[in-house]
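Student: Sharing work_2.cif, mmCIF, N, CA and C atoms and all ligand atoms:
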```
data_final
loop_
_atom_site.label_atom_id
_atom_site.label_comp_id
_atom_site.auth_asym_id
_atom_site.auth_seq_id
_atom_site.Cartn_x
_atom_site.Cartn_y
_atom_site.Cartn_z
N MET Y 1 41.96 56.75 4.77
CA MET Y 1 40.60 56.47 5.23
C MET Y 1 39.63 57.44 4.56
N LYS Y 2 38.51 56.90 4.10
CA LYS Y 2 37.54 57.75 3.40
C LYS Y 2 36.74 58.57 4.41
N ARG Y 3 36.72 59.89 4.15
CA ARG Y 3 35.96 60.78 5.02
C ARG Y 3 35.08 61.69 4.18
N LYS Y 4 33.89 61.96 4.67
CA LYS Y 4 32.98 62.81 3.91
C LYS Y 4 33.34 64.28 4.07
N ILE Y 5 33.09 65.03 3.00
CA ILE Y 5 33.26 66.48 3.06
C ILE Y 5 32.02 67.07 3.72
N VAL Y 6 32.23 67.91 4.71
CA VAL Y 6 31.09 68.54 5.39
C VAL Y 6 31.03 70.03 5.10
N GLY Y 7 32.09 70.58 4.49
CA GLY Y 7 32.07 72.01 4.19
C GLY Y 7 33.35 72.42 3.49
N PHE Y 8 33.41 73.69 3.15
CA PHE Y 8 34.60 74.22 2.49
C PHE Y 8 34.96 75.57 3.08
N HIS Y 9 36.23 75.90 3.05
CA HIS Y 9 36.65 77.26 3.37
C HIS Y 9 37.89 77.57 2.55
N GLN Y 10 38.26 78.85 2.53
CA GLN Y 10 39.45 79.24 1.79
C GLN Y 10 40.57 79.56 2.77
N ASP Y 11 41.79 79.20 2.38
CA ASP Y 11 42.91 79.53 3.24
C ASP Y 11 43.36 80.96 2.96
N GLU Y 12 44.44 81.36 3.59
CA GLU Y 12 44.83 82.77 3.53
C GLU Y 12 45.27 83.23 2.14
N VAL Y 13 45.60 82.27 1.25
CA VAL Y 13 45.98 82.66 -0.10
C VAL Y 13 44.86 82.41 -1.10
N GLY Y 14 43.68 82.00 -0.60
CA GLY Y 14 42.53 81.85 -1.48
C GLY Y 14 42.34 80.46 -2.04
N ASP Y 15 43.18 79.51 -1.61
CA ASP Y 15 42.99 78.13 -2.06
C ASP Y 15 41.85 77.49 -1.28
N TRP Y 16 41.08 76.67 -1.97
CA TRP Y 16 39.95 76.03 -1.31
C TRP Y 16 40.39 74.83 -0.51
N VAL Y 17 39.80 74.70 0.66
CA VAL Y 17 40.12 73.63 1.59
C VAL Y 17 38.82 72.94 1.98
N ALA Y 18 38.80 71.62 1.88
CA ALA Y 18 37.61 70.87 2.26
C ALA Y 18 37.67 70.54 3.75
N ASP Y 19 36.56 70.77 4.43
CA ASP Y 19 36.45 70.36 5.83
C ASP Y 19 35.87 68.96 5.86
N LEU Y 20 36.59 68.03 6.47
CA LEU Y 20 36.13 66.65 6.50
C LEU Y 20 35.41 66.35 7.81
N GLU Y 21 34.58 65.30 7.77
CA GLU Y 21 33.77 64.96 8.94
C GLU Y 21 34.60 64.60 10.15
N CYS Y 22 35.86 64.22 9.92
CA CYS Y 22 36.71 63.82 11.04
C CYS Y 22 37.36 65.03 11.71
N GLY Y 23 37.11 66.23 11.15
CA GLY Y 23 37.71 67.42 11.75
C GLY Y 23 38.99 67.83 11.06
N HIS Y 24 39.50 66.97 10.17
CA HIS Y 24 40.68 67.32 9.41
C HIS Y 24 40.29 68.13 8.18
N THR Y 25 41.28 68.67 7.52
CA THR Y 25 41.02 69.44 6.31
C THR Y 25 41.91 68.95 5.19
N GLN Y 26 41.51 69.23 3.97
CA GLN Y 26 42.32 68.82 2.83
C GLN Y 26 42.16 69.85 1.71
N HIS Y 27 43.29 70.27 1.15
CA HIS Y 27 43.23 71.23 0.05
C HIS Y 27 42.59 70.60 -1.18
N VAL Y 28 41.71 71.35 -1.82
CA VAL Y 28 41.11 70.89 -3.07
C VAL Y 28 41.33 71.96 -4.13
N ARG Y 29 42.61 72.18 -4.46
CA ARG Y 29 42.97 73.24 -5.39
C ARG Y 29 42.52 72.92 -6.80
N HIS Y 30 42.18 73.97 -7.52
CA HIS Y 30 42.00 73.83 -8.96
C HIS Y 30 43.28 74.34 -9.60
N ASP Y 31 44.18 73.42 -9.92
CA ASP Y 31 45.50 73.80 -10.42
C ASP Y 31 45.87 72.86 -11.56
N PRO Y 32 45.20 73.04 -12.73
CA PRO Y 32 45.45 72.11 -13.83
C PRO Y 32 46.88 72.21 -14.34
N PRO Y 33 47.48 71.13 -14.86
CA PRO Y 33 46.84 69.81 -15.00
C PRO Y 33 47.03 68.91 -13.79
N LEU Y 34 47.71 69.40 -12.75
CA LEU Y 34 47.95 68.53 -11.59
C LEU Y 34 46.66 68.24 -10.84
N SER Y 35 45.91 69.30 -10.55
CA SER Y 35 44.65 69.11 -9.84
C SER Y 35 43.57 69.79 -10.66
N ASP Y 36 42.74 68.99 -11.28
CA ASP Y 36 41.71 69.53 -12.15
C ASP Y 36 40.37 69.48 -11.42
N ARG Y 37 40.09 70.54 -10.72
CA ARG Y 37 38.83 70.57 -9.95
C ARG Y 37 38.11 71.89 -10.21
N PRO Y 38 37.62 72.08 -11.41
CA PRO Y 38 36.93 73.34 -11.70
C PRO Y 38 35.68 73.54 -10.86
N TRP Y 39 35.14 72.44 -10.35
CA TRP Y 39 33.91 72.54 -9.56
C TRP Y 39 34.11 73.32 -8.27
N VAL Y 40 35.38 73.34 -7.80
CA VAL Y 40 35.61 73.97 -6.50
C VAL Y 40 35.48 75.49 -6.58
N LEU Y 41 35.48 76.01 -7.80
CA LEU Y 41 35.47 77.47 -7.97
C LEU Y 41 34.06 78.06 -7.90
N THR Y 42 33.04 77.22 -7.98
CA THR Y 42 31.69 77.76 -7.94
C THR Y 42 30.96 77.26 -6.70
N PRO Y 43 30.08 78.10 -6.15
CA PRO Y 43 29.32 77.69 -4.95
C PRO Y 43 28.51 76.45 -5.22
N GLU Y 44 27.94 76.36 -6.42
CA GLU Y 44 27.10 75.21 -6.74
C GLU Y 44 27.94 73.93 -6.82
N GLY Y 45 29.11 74.05 -7.43
CA GLY Y 45 29.99 72.90 -7.55
C GLY Y 45 30.42 72.38 -6.20
N ARG Y 46 30.73 73.33 -5.31
CA ARG Y 46 31.16 72.91 -3.98
C ARG Y 46 30.01 72.22 -3.24
N ARG Y 47 28.81 72.77 -3.42
CA ARG Y 47 27.65 72.18 -2.75
C ARG Y 47 27.45 70.74 -3.20
N ARG Y 48 27.76 70.51 -4.47
CA ARG Y 48 27.56 69.16 -5.00
C ARG Y 48 28.54 68.16 -4.38
N PHE Y 49 29.65 68.67 -3.86
CA PHE Y 49 30.65 67.77 -3.30
C PHE Y 49 30.55 67.62 -1.79
N ILE Y 50 29.55 68.27 -1.20
CA ILE Y 50 29.27 68.02 0.22
C ILE Y 50 28.81 66.57 0.33
N GLY Y 51 29.47 65.80 1.18
CA GLY Y 51 29.12 64.39 1.31
C GLY Y 51 30.00 63.48 0.47
N PHE Y 52 30.77 64.10 -0.45
CA PHE Y 52 31.73 63.33 -1.25
C PHE Y 52 32.87 62.86 -0.34
N GLN Y 53 33.37 61.66 -0.60
CA GLN Y 53 34.39 61.13 0.29
C GLN Y 53 35.78 61.35 -0.26
N LEU Y 54 36.64 61.86 0.61
CA LEU Y 54 38.05 62.03 0.26
C LEU Y 54 38.89 61.10 1.14
N ASP Y 55 40.05 60.75 0.63
CA ASP Y 55 40.97 59.95 1.42
C ASP Y 55 41.68 60.85 2.42
N CYS Y 56 41.43 60.64 3.70
CA CYS Y 56 42.09 61.46 4.70
C CYS Y 56 43.39 60.79 5.14
N LYS Y 57 44.49 61.39 4.71
CA LYS Y 57 45.80 60.80 5.02
C LYS Y 57 46.12 60.91 6.52
N ILE Y 58 45.56 61.93 7.13
CA ILE Y 58 45.86 62.14 8.55
C ILE Y 58 45.22 61.03 9.37
N CYS Y 59 43.99 60.65 9.00
CA CYS Y 59 43.32 59.55 9.70
C CYS Y 59 44.05 58.23 9.45
N ASP Y 60 44.71 58.13 8.31
CA ASP Y 60 45.45 56.91 8.01
C ASP Y 60 46.74 56.81 8.82
N GLY Y 61 47.02 57.88 9.56
CA GLY Y 61 48.21 57.84 10.41
C GLY Y 61 49.40 58.54 9.81
N GLU Y 62 49.24 58.99 8.56
CA GLU Y 62 50.33 59.75 7.96
C GLU Y 62 50.24 61.18 8.46
N ASP Y 63 51.02 61.48 9.43
CA ASP Y 63 50.96 62.80 10.03
C ASP Y 63 51.76 63.78 9.18
N ILE Y 64 51.04 64.42 8.27
CA ILE Y 64 51.73 65.38 7.40
C ILE Y 64 51.73 66.73 8.09
N ARG Y 65 52.86 67.15 8.53
CA ARG Y 65 52.92 68.44 9.20
C ARG Y 65 53.56 69.47 8.30
N ALA Y 66 52.87 69.79 7.22
CA ALA Y 66 53.36 70.84 6.33
C ALA Y 66 52.75 72.16 6.75
N GLY Y 67 53.23 72.65 7.86
CA GLY Y 67 52.66 73.88 8.38
C GLY Y 67 51.50 73.58 9.28
N ALA Y 68 51.48 74.21 10.41
CA ALA Y 68 50.40 73.95 11.37
C ALA Y 68 49.10 74.53 10.85
N PRO Y 69 48.00 73.85 11.11
CA PRO Y 69 46.70 74.39 10.69
C PRO Y 69 46.40 75.69 11.44
N PRO Y 70 45.68 76.59 10.77
CA PRO Y 70 45.44 77.91 11.38
C PRO Y 70 44.53 77.84 12.60
N GLY Y 71 43.57 76.93 12.58
CA GLY Y 71 42.62 76.91 13.67
C GLY Y 71 42.99 75.93 14.76
N GLN Y 72 44.05 76.21 15.46
CA GLN Y 72 44.46 75.29 16.52
C GLN Y 72 43.59 75.49 17.74
N SER Y 73 43.08 74.38 18.24
CA SER Y 73 42.21 74.50 19.41
C SER Y 73 43.05 74.54 20.68
N VAL Y 74 42.77 75.51 21.48
CA VAL Y 74 43.49 75.65 22.74
C VAL Y 74 42.52 75.26 23.85
N PRO Y 75 42.95 74.37 24.72
CA PRO Y 75 42.05 73.98 25.82
C PRO Y 75 41.75 75.17 26.72
N PRO Y 76 40.52 75.26 27.19
CA PRO Y 76 40.18 76.40 28.04
C PRO Y 76 40.95 76.34 29.35
N PRO Y 77 41.23 77.49 29.94
CA PRO Y 77 41.96 77.49 31.22
C PRO Y 77 41.11 76.86 32.30
N PRO Y 78 41.75 76.22 33.26
CA PRO Y 78 40.96 75.59 34.34
C PRO Y 78 40.19 76.65 35.10
N SER Y 79 38.95 76.33 35.39
CA SER Y 79 38.13 77.32 36.09
C SER Y 79 38.60 77.43 37.55
N LEU Y 80 38.59 78.65 38.01
CA LEU Y 80 39.06 78.89 39.36
C LEU Y 80 38.04 78.32 40.36
N PRO Y 81 38.52 77.76 41.42
CA PRO Y 81 37.57 77.26 42.44
C PRO Y 81 36.75 78.40 43.02
N LYS Y 82 35.48 78.11 43.19
CA LYS Y 82 34.62 79.18 43.71
C LYS Y 82 34.86 79.36 45.20
N ASP Y 83 35.41 80.48 45.51
CA ASP Y 83 35.72 80.75 46.92
C ASP Y 83 34.92 81.99 47.32
N SER Y 84 33.75 81.74 47.86
CA SER Y 84 32.90 82.88 48.22
C SER Y 84 33.51 83.62 49.40
N GLY Y 85 34.20 84.67 49.03
CA GLY Y 85 34.85 85.46 50.08
C GLY Y 85 33.86 86.29 50.87
N ARG Y 86 34.32 86.78 51.97
CA ARG Y 86 33.41 87.58 52.80
C ARG Y 86 33.43 89.04 52.43
ZN ZN Y 101 40.89 62.75 9.17
#
```
Just give me the structure as structure tokens.
Ligand SMILES: [Zn+2]
Tutor:
Amino acid sequence: MKRKIVGFHQDEVGDWVADLECGHTQHVRHDPPLSDRPWVLTPEGRRRFIGFQLDCKICDGEDIRAGAPPGQSVPPPPSLPKDSGR
């Protein structure tokens, strides 16, 4: 499924990762000749790809679990009932 890029960040080893509008992420490595993306190395190049659409495999239902994403959202703990003690 095509998803727009809304931002970029680097992972722990310095590889660039695109943040997609659906909340998923996708690596956009510059690793020629397999992945030729010299634009990802410059701030201007990355800015140009904001809004560019990538195929999100996760939205397509292909659950690729090659390592859990670093930013796992944890649901907040249930709030305690307000018991106005004396
Ligand atoms: Zn997605």
Student: Please return as number ranges by chain the residues found within 5 Å of ligand ZN 101 (chain Y), counting all atoms listed in the file.
Tutor: Y: 22, 24, 56, 58-59
Student: Could you take the residues named above and write them with N, CA and C atoms, as a PDB file, in the coordinates of the input?
Tutor:
```pdb
ATOM      1  N   CYS Y  22      35.860  64.220   9.920  1.00  0.00           N
ATOM      2  CA  CYS Y  22      36.710  63.820  11.040  1.00  0.00           C
ATOM      3  C   CYS Y  22      37.360  65.030  11.710  1.00  0.00           C
ATOM      4  N   HIS Y  24      39.500  66.970  10.170  1.00  0.00           N
ATOM      5  CA  HIS Y  24      40.680  67.320   9.410  1.00  0.00           C
ATOM      6  C   HIS Y  24      40.290  68.130   8.180  1.00  0.00           C
ATOM      7  N   CYS Y  56      41.430  60.640   3.700  1.00  0.00           N
ATOM      8  CA  CYS Y  56      42.090  61.460   4.700  1.00  0.00           C
ATOM      9  C   CYS Y  56      43.390  60.790   5.140  1.00  0.00           C
ATOM     10  N   ILE Y  58      45.560  61.930   7.130  1.00  0.00           N
ATOM     11  CA  ILE Y  58      45.860  62.140   8.550  1.00  0.00           C
ATOM     12  C   ILE Y  58      45.220  61.030   9.370  1.00  0.00           C
ATOM     13  N   CYS Y  59      43.990  60.650   9.000  1.00  0.00           N
ATOM     14  CA  CYS Y  59      43.320  59.550   9.700  1.00  0.00           C
ATOM     15  C   CYS Y  59      44.050  58.230   9.450  1.00  0.00           C
TER      16      CYS Y  59
END
```
Student: Give the answer as one residue: which of Y:Leu34, Y:Val6, Y:Arg48, Y:Leu80 has the shortest atom-to-atom distance to Glu21 of chain Y, using all atoms listed in the file?
Tutor: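 The closest residue to Glu21 of chain Y is Y:Val6.
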Student: Identify which of the residues Y:Gly23, Y:Met1, Y:His9, Y:Pro38 lies closest to Gln53 of chain Y, counting all atoms listed in the file when measuring atom-to-atom distances.
Tutor: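 Using all atoms listed in the file, Gln53 of chain Y sits closest to Y:Met1.
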Student: Could you list, as a list in words, every residue within 5 Å of His27 of chain Y, counting all atoms listed in the file and ignoring same-chain residues fewer than 6 positions away?
Tutor: Trp16, Val17 and Ala18 of chain Y
Student: Output the selection as a compact mmCIF listing (two decimals), keeping the file's coordinate frame - N, CA and C atoms for each residue.
Tutor:
```
# COMPACT_ATOMS: atom_id res chain seq x y z
N TRP Y 16 41.08 76.67 -1.97
CA TRP Y 16 39.95 76.03 -1.31
C TRP Y 16 40.39 74.83 -0.51
N VAL Y 17 39.80 74.70 0.66
CA VAL Y 17 40.12 73.63 1.59
C VAL Y 17 38.82 72.94 1.98
N ALA Y 18 38.80 71.62 1.88
CA ALA Y 18 37.61 70.87 2.26
C ALA Y 18 37.67 70.54 3.75
```
Student: How many Å lie between atom CA of Ser35 of chain Y and atom CA of Asp55 of chain Y, rounded to one decimal?
Tutor: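 Between atom CA of Ser35 of chain Y and atom CA of Asp55 of chain Y the gap works out to 15.0 Å.
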Student: Which value, in Å to one decimal, gives the distance between atom CA of Arg46 of chain Y and atom CA of Asp31 of chain Y?
Tutor: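 Atom CA of Asp31 of chain Y lies 15.7 Å from atom CA of Arg46 of chain Y.
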Student: Which polymer residues, whether protein, DNA or RNA, lie within 8 Å of the coordinate (27.7, 68.4, 0.3) when you count only N, CA and C atoms? List them as a PyMOL selection string, using the chain letters and numbers from the file.
Tutor: chain Y and resi 4-7+46-52
Student: Grab the atom CA of Leu54 of chain Y to atom N of Val13 of chain Y distance for me, in Å with one decimal place.
Tutor: 21.6 Å
